[in-house]
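Structure record follows, encoded as structure tokens.
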Amino acid sequence: MGNPQKQLAVVTGASSGIGLELAKIAAQKGYDLVIAADEDDIDIAADILRSIGVSVDAMQVDLSTKEGTADFARFVADKGQPVDILVANAGRGLGKGFLDQKLDQALHVIDTNVTGTIALIHTIGNDMRARGVGKILIIGSIAGFIPGTYQAVYNGTKAFLNSFSFALRHELKDGGVSVTCLMPGATETRFFERADMLDTEVGHAEKDDPADVAKVGFDALMNDEGDVVAGWKNKLRTIMANVTPAGTLAEQHAKMAAPGTASS
């Protein structure tokens, strides 16, 4: 008899940060990997993951586009293995006031965080449902609970993902496919650099370790939890957000995210 086929995990946004750490955990658990990111660092990440001893196929692709999402879905299908875990982590942020942002950059955030994410989940999720087995981890954020002054589009996309994940989980609850939403707070990744937010208070503040955040999320996925907030401080923030007026939350967020507010 041949060797049994390994299980397969697909991780987007896997070139660094939380995505790479989630891919490492999957590899350490013995999952083969298909990973994607829109940066050439994805090839470096693939080499790191192969050193753990699993098969890794990597694709540099822009998942904000219909073509990119379709190309990646075909790339996954060409692997010839059913997807056991889908980690939908690809995302972009953008700082500064909405009217001061370039519209194409704001739309790119929406297309990456929302449009591309749900397109990929729709394709792979249907395959999982047909087989009656699979796990989906969606990376939302505690930002989805807070009106994001100077991050209005980003926080809005995370509010969508938080809500979408809960709804999808209940739609699939009797079909063998589980959905978990990981909601991190500010994490030590390249997010704030890419979002042009290094001059903000939150950009300079102490942040969570992406490896710790990834472990919390992966454990929740394996335990079939509906959602998990990483870190006790972030748990407290979500509790407070649920009882604080939206206007107050927006004002508080402005103090953290306004350009030029970083402490010296």
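A note on labels: chains of the structure tokens are A, B, ... as shown, every chain counts residues from 1, and ligands are counted from 1 in their shown order.
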Contact check, range 157-226 of chain A to range 3-13 of chain A, at most 12 Å, counting only C-alpha atoms, closest pairs as a tab-separated table:
```
residue	atom	partner	partner_atom	distance
A:Thr189	CA	A:Gly13	CA	11.8
A:Arg190	CA	A:Gly13	CA	11.7
A:Phe191	CA	A:Gly13	CA	11.4
A:Phe218	CA	A:Ala9	CA	11.7
```
Contacts of range 33-44 of chain A within 10 Å, only C-alpha atoms, excl. fewer than 3 positions in-chain, as a ChimeraX atom specification
/A:6-16,19-20,23-24,26-27,30,47-50,54-64,68,72,75-76,79,83,85-87,89-91
Name the residues in contact with range 240-244 of chain A at a cut-off of 7 Å, using only C-alpha atoms, excluding same-chain residues fewer than 4 positions from it; report them as JSON, numbers by chain.
{"A": [145, 146, 236, 248, 249]}
Could you pull out all residues of range 58-137 of chain A with a DSSP call of strand (DSSP E) and give them as a PyMOL selection string?
chain A and resi 58-60+85-88+134-137
Store the residues of this selection in a file with C-alpha atoms, as a PDB file, in the first residue's frame.
```
ATOM      1  CA  ALA A  58       3.631  28.915  -2.997  1.00  0.00           C
ATOM      2  CA  MET A  59       2.074  31.484  -5.301  1.00  0.00           C
ATOM      3  CA  GLN A  60       2.659  35.215  -5.506  1.00  0.00           C
ATOM      4  CA  ILE A  85      -8.048  23.812   6.455  1.00  0.00           C
ATOM      5  CA  LEU A  86      -8.492  27.208   4.819  1.00  0.00           C
ATOM      6  CA  VAL A  87      -6.904  30.156   6.615  1.00  0.00           C
ATOM      7  CA  ALA A  88      -8.267  33.363   5.050  1.00  0.00           C
ATOM      8  CA  GLY A 134     -13.324  21.045   6.564  1.00  0.00           C
ATOM      9  CA  LYS A 135     -12.265  23.943   8.746  1.00  0.00           C
ATOM     10  CA  ILE A 136     -12.182  27.641   7.843  1.00  0.00           C
ATOM     11  CA  LEU A 137     -10.318  30.268   9.862  1.00  0.00           C
TER      12      LEU A 137
END
```
Could you pull out the helix (DSSP H, G or I) residues of range 28-69 of chain A from DSSP and send them as a list in words?
Gln28, Asp41, Ile42, Asp43, Ile44, Ala45, Ala46, Asp47, Ile48, Leu49, Arg50, Lys66, Glu67, Gly68 and Thr69 of chain A
Go ahead and dump the residues you just picked, N, CA and C atoms, as a compact mmCIF listing (two decimals), in the first residue's frame.
```
# COMPACT_ATOMS: atom_id res chain seq x y z
N GLN A 28 3.94 22.18 11.41
CA GLN A 28 4.40 21.41 12.58
C GLN A 28 3.40 20.31 12.94
N ASP A 41 8.21 37.89 -1.02
CA ASP A 41 8.65 37.24 0.21
C ASP A 41 7.97 35.89 0.41
N ILE A 42 6.93 35.60 -0.35
CA ILE A 42 6.23 34.33 -0.20
C ILE A 42 7.17 33.16 -0.50
N ASP A 43 8.15 33.36 -1.38
CA ASP A 43 9.09 32.29 -1.68
C ASP A 43 10.04 32.04 -0.51
N ILE A 44 10.41 33.09 0.20
CA ILE A 44 11.23 32.93 1.41
C ILE A 44 10.44 32.18 2.47
N ALA A 45 9.17 32.56 2.62
CA ALA A 45 8.31 31.87 3.58
C ALA A 45 8.18 30.40 3.24
N ALA A 46 8.06 30.08 1.95
CA ALA A 46 7.93 28.69 1.52
C ALA A 46 9.16 27.88 1.93
N ASP A 47 10.34 28.46 1.77
CA ASP A 47 11.57 27.75 2.16
C ASP A 47 11.60 27.51 3.67
N ILE A 48 11.16 28.49 4.45
CA ILE A 48 11.11 28.32 5.90
C ILE A 48 10.19 27.16 6.26
N LEU A 49 9.05 27.11 5.61
CA LEU A 49 8.06 26.08 5.92
C LEU A 49 8.51 24.70 5.45
N ARG A 50 9.18 24.63 4.31
CA ARG A 50 9.69 23.34 3.82
C ARG A 50 10.72 22.75 4.79
N LYS A 66 -10.45 39.48 -9.20
CA LYS A 66 -11.17 38.26 -9.56
C LYS A 66 -10.23 37.28 -10.25
N GLU A 67 -9.37 37.83 -11.11
CA GLU A 67 -8.45 36.96 -11.84
C GLU A 67 -7.47 36.30 -10.89
N GLY A 68 -6.94 37.07 -9.95
CA GLY A 68 -5.98 36.52 -9.00
C GLY A 68 -6.60 35.45 -8.12
N THR A 69 -7.81 35.70 -7.65
CA THR A 69 -8.49 34.71 -6.81
C THR A 69 -8.78 33.44 -7.59
```
Which of these residues is nearest to Gly231 in chain A, using only C-alpha atoms: A:Ile142, A:Lys158, A:Glu171, A:Glu201?
A:Ile142
Extract, using only C-alpha atoms, all DNA, RNA and protein residues at most 12 Å from Lys255 in chain A, discarding same-chain residues fewer than 4 positions from it, and format them as a PyMOL selection string.
chain A and resi 148-151+200-203+248-251+259-263
Next, write the just-selected residues to a file, as an mmCIF file, in the first residue's frame, keeping N, CA and C atoms as the atom set.
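Everything below was put into result-v7.cif:
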```
data_model
loop_
_atom_site.group_PDB
_atom_site.id
_atom_site.type_symbol
_atom_site.label_atom_id
_atom_site.label_comp_id
_atom_site.auth_asym_id
_atom_site.auth_seq_id
_atom_site.Cartn_x
_atom_site.Cartn_y
_atom_site.Cartn_z
ATOM 1 N N GLY A 148 -13.570 53.205 13.073
ATOM 2 C CA GLY A 148 -12.125 53.425 12.926
ATOM 3 C C GLY A 148 -11.756 54.783 12.383
ATOM 4 N N THR A 149 -11.882 55.802 13.190
ATOM 5 C CA THR A 149 -11.439 57.129 12.777
ATOM 6 C C THR A 149 -9.980 57.070 12.336
ATOM 7 N N TYR A 150 -9.693 57.552 11.140
ATOM 8 C CA TYR A 150 -8.396 57.472 10.471
ATOM 9 C C TYR A 150 -8.033 56.044 10.036
ATOM 10 N N GLN A 151 -8.972 55.148 10.171
ATOM 11 C CA GLN A 151 -8.863 53.807 9.583
ATOM 12 C C GLN A 151 -10.264 53.338 9.179
ATOM 13 N N THR A 200 1.750 57.187 14.000
ATOM 14 C CA THR A 200 0.572 57.230 14.875
ATOM 15 C C THR A 200 0.901 56.636 16.241
ATOM 16 N N GLU A 201 0.025 56.917 17.211
ATOM 17 C CA GLU A 201 0.209 56.377 18.554
ATOM 18 C C GLU A 201 0.170 54.856 18.538
ATOM 19 N N VAL A 202 -0.800 54.287 17.830
ATOM 20 C CA VAL A 202 -0.911 52.824 17.776
ATOM 21 C C VAL A 202 0.257 52.209 17.018
ATOM 22 N N GLY A 203 0.785 52.956 16.050
ATOM 23 C CA GLY A 203 1.928 52.456 15.300
ATOM 24 C C GLY A 203 3.161 52.278 16.160
ATOM 25 N N THR A 248 -18.181 57.862 21.141
ATOM 26 C CA THR A 248 -17.061 57.829 22.079
ATOM 27 C C THR A 248 -15.954 56.923 21.559
ATOM 28 N N LEU A 249 -16.333 55.761 21.007
ATOM 29 C CA LEU A 249 -15.342 54.852 20.439
ATOM 30 C C LEU A 249 -14.593 55.503 19.279
ATOM 31 N N ALA A 250 -15.315 56.230 18.442
ATOM 32 C CA ALA A 250 -14.687 56.902 17.303
ATOM 33 C C ALA A 250 -13.692 57.962 17.785
ATOM 34 N N GLU A 251 -14.054 58.672 18.841
ATOM 35 C CA GLU A 251 -13.150 59.688 19.389
ATOM 36 C C GLU A 251 -11.903 59.048 19.985
ATOM 37 N N PRO A 259 -2.767 60.773 12.263
ATOM 38 C CA PRO A 259 -1.386 60.973 11.802
ATOM 39 C C PRO A 259 -0.646 61.986 12.678
ATOM 40 N N GLY A 260 0.620 61.715 12.921
ATOM 41 C CA GLY A 260 1.449 62.657 13.672
ATOM 42 C C GLY A 260 1.275 62.626 15.158
ATOM 43 N N THR A 261 0.647 61.577 15.706
ATOM 44 C CA THR A 261 0.390 61.520 17.148
ATOM 45 C C THR A 261 1.358 60.593 17.875
ATOM 46 N N ALA A 262 2.326 60.027 17.168
ATOM 47 C CA ALA A 262 3.257 59.098 17.814
ATOM 48 C C ALA A 262 4.050 59.805 18.886
ATOM 49 N N SER A 263 4.196 59.151 20.042
ATOM 50 C CA SER A 263 5.002 59.698 21.130
ATOM 51 C C SER A 263 6.472 59.611 20.754
#
```
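Computed from the coordinates, the CA of Phe192 in chain A to CA of Leu120 in chain A distance equals 25.2 Å.
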Would you kindly return, as an MDAnalysis selection string, each protein, DNA or RNA residue with an atom no farther than 8 Å from any atom of Val114 in chain A, considering only C-alpha atoms and excluding same-chain residues fewer than 6 positions away?
chainID A and resid 157 160:161
Selection file, N, CA and C atoms, as a short mmCIF file (atom, residue, chain, number, x, y, z; two decimals), in the first residue's frame:
```
data_model
loop_
_atom_site.label_atom_id
_atom_site.label_comp_id
_atom_site.auth_asym_id
_atom_site.auth_seq_id
_atom_site.Cartn_x
_atom_site.Cartn_y
_atom_site.Cartn_z
N THR A 157 -14.05 46.93 6.94
CA THR A 157 -13.89 45.60 6.34
C THR A 157 -13.82 44.53 7.42
N PHE A 160 -17.21 43.70 8.69
CA PHE A 160 -17.85 42.79 7.75
C PHE A 160 -17.39 41.35 7.99
N LEU A 161 -16.08 41.15 8.09
CA LEU A 161 -15.57 39.79 8.24
C LEU A 161 -16.01 39.16 9.55
#
```
Considering only C-alpha atoms, return as an mmCIF file with N, CA and C atoms, in the first residue's frame whatever protein or nucleic-acid residues lie within 10 Å of Leu168 in chain A, sequence-local ones (same chain, fewer than 4 positions apart) excluded.
```
data_model
loop_
_atom_site.group_PDB
_atom_site.id
_atom_site.type_symbol
_atom_site.label_atom_id
_atom_site.label_comp_id
_atom_site.auth_asym_id
_atom_site.auth_seq_id
_atom_site.Cartn_x
_atom_site.Cartn_y
_atom_site.Cartn_z
ATOM 1 N N GLY A 125 -14.998 26.597 0.168
ATOM 2 C CA GLY A 125 -16.068 26.200 1.078
ATOM 3 C C GLY A 125 -17.070 25.272 0.435
ATOM 4 N N ILE A 136 -12.498 26.324 8.407
ATOM 5 C CA ILE A 136 -12.182 27.641 7.843
ATOM 6 C C ILE A 136 -11.858 28.596 8.982
ATOM 7 N N SER A 163 -18.779 39.745 11.184
ATOM 8 C CA SER A 163 -20.189 39.400 11.018
ATOM 9 C C SER A 163 -20.362 38.225 10.060
ATOM 10 N N PHE A 164 -19.669 38.277 8.940
ATOM 11 C CA PHE A 164 -19.767 37.231 7.915
ATOM 12 C C PHE A 164 -19.394 35.863 8.485
ATOM 13 N N LEU A 172 -23.386 26.574 8.057
ATOM 14 C CA LEU A 172 -22.690 25.310 7.800
ATOM 15 C C LEU A 172 -22.647 24.381 9.004
ATOM 16 N N LYS A 173 -23.297 24.763 10.083
ATOM 17 C CA LYS A 173 -23.116 24.048 11.353
ATOM 18 C C LYS A 173 -23.528 22.583 11.304
ATOM 19 N N VAL A 177 -18.640 21.303 8.251
ATOM 20 C CA VAL A 177 -17.632 22.341 8.009
ATOM 21 C C VAL A 177 -17.734 23.382 9.121
ATOM 22 N N SER A 178 -16.627 23.633 9.794
ATOM 23 C CA SER A 178 -16.628 24.605 10.889
ATOM 24 C C SER A 178 -15.978 25.915 10.445
ATOM 25 N N VAL A 179 -16.436 27.005 11.028
ATOM 26 C CA VAL A 179 -15.901 28.329 10.723
ATOM 27 C C VAL A 179 -15.526 29.001 12.042
ATOM 28 N N THR A 180 -14.311 29.511 12.097
ATOM 29 C CA THR A 180 -13.809 30.202 13.284
ATOM 30 C C THR A 180 -13.301 31.571 12.883
#
```
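Atom pair CA of Ala186 in chain A / CA of Pro210 in chain A has a distance of 9.6 Å (rounded to one decimal).
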Extract, using only C-alpha atoms, all DNA, RNA and protein residues at most 8 Å from Val153 in chain A, discarding same-chain residues fewer than 2 positions from it, and format them as an NGL selection string.
:A and (94 or 98 or 106 or 109-110 or 148 or 151 or 155-157)
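Between CA of Gly95 in chain A and CA of Ala143 in chain A the separation is 13.0 Å.
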Which residue gives the smallest distance to Arg129 in chain A among A:Asn113, A:Asp84, A:Pro147, A:Gln101, with only C-alpha atoms counted?
A:Asp84
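Of the listed residues (A:Leu99, A:Leu198, A:Ile239, A:Ala73), A:Leu198 comes nearest to Ala257 in chain A; the distances count only C-alpha atoms.
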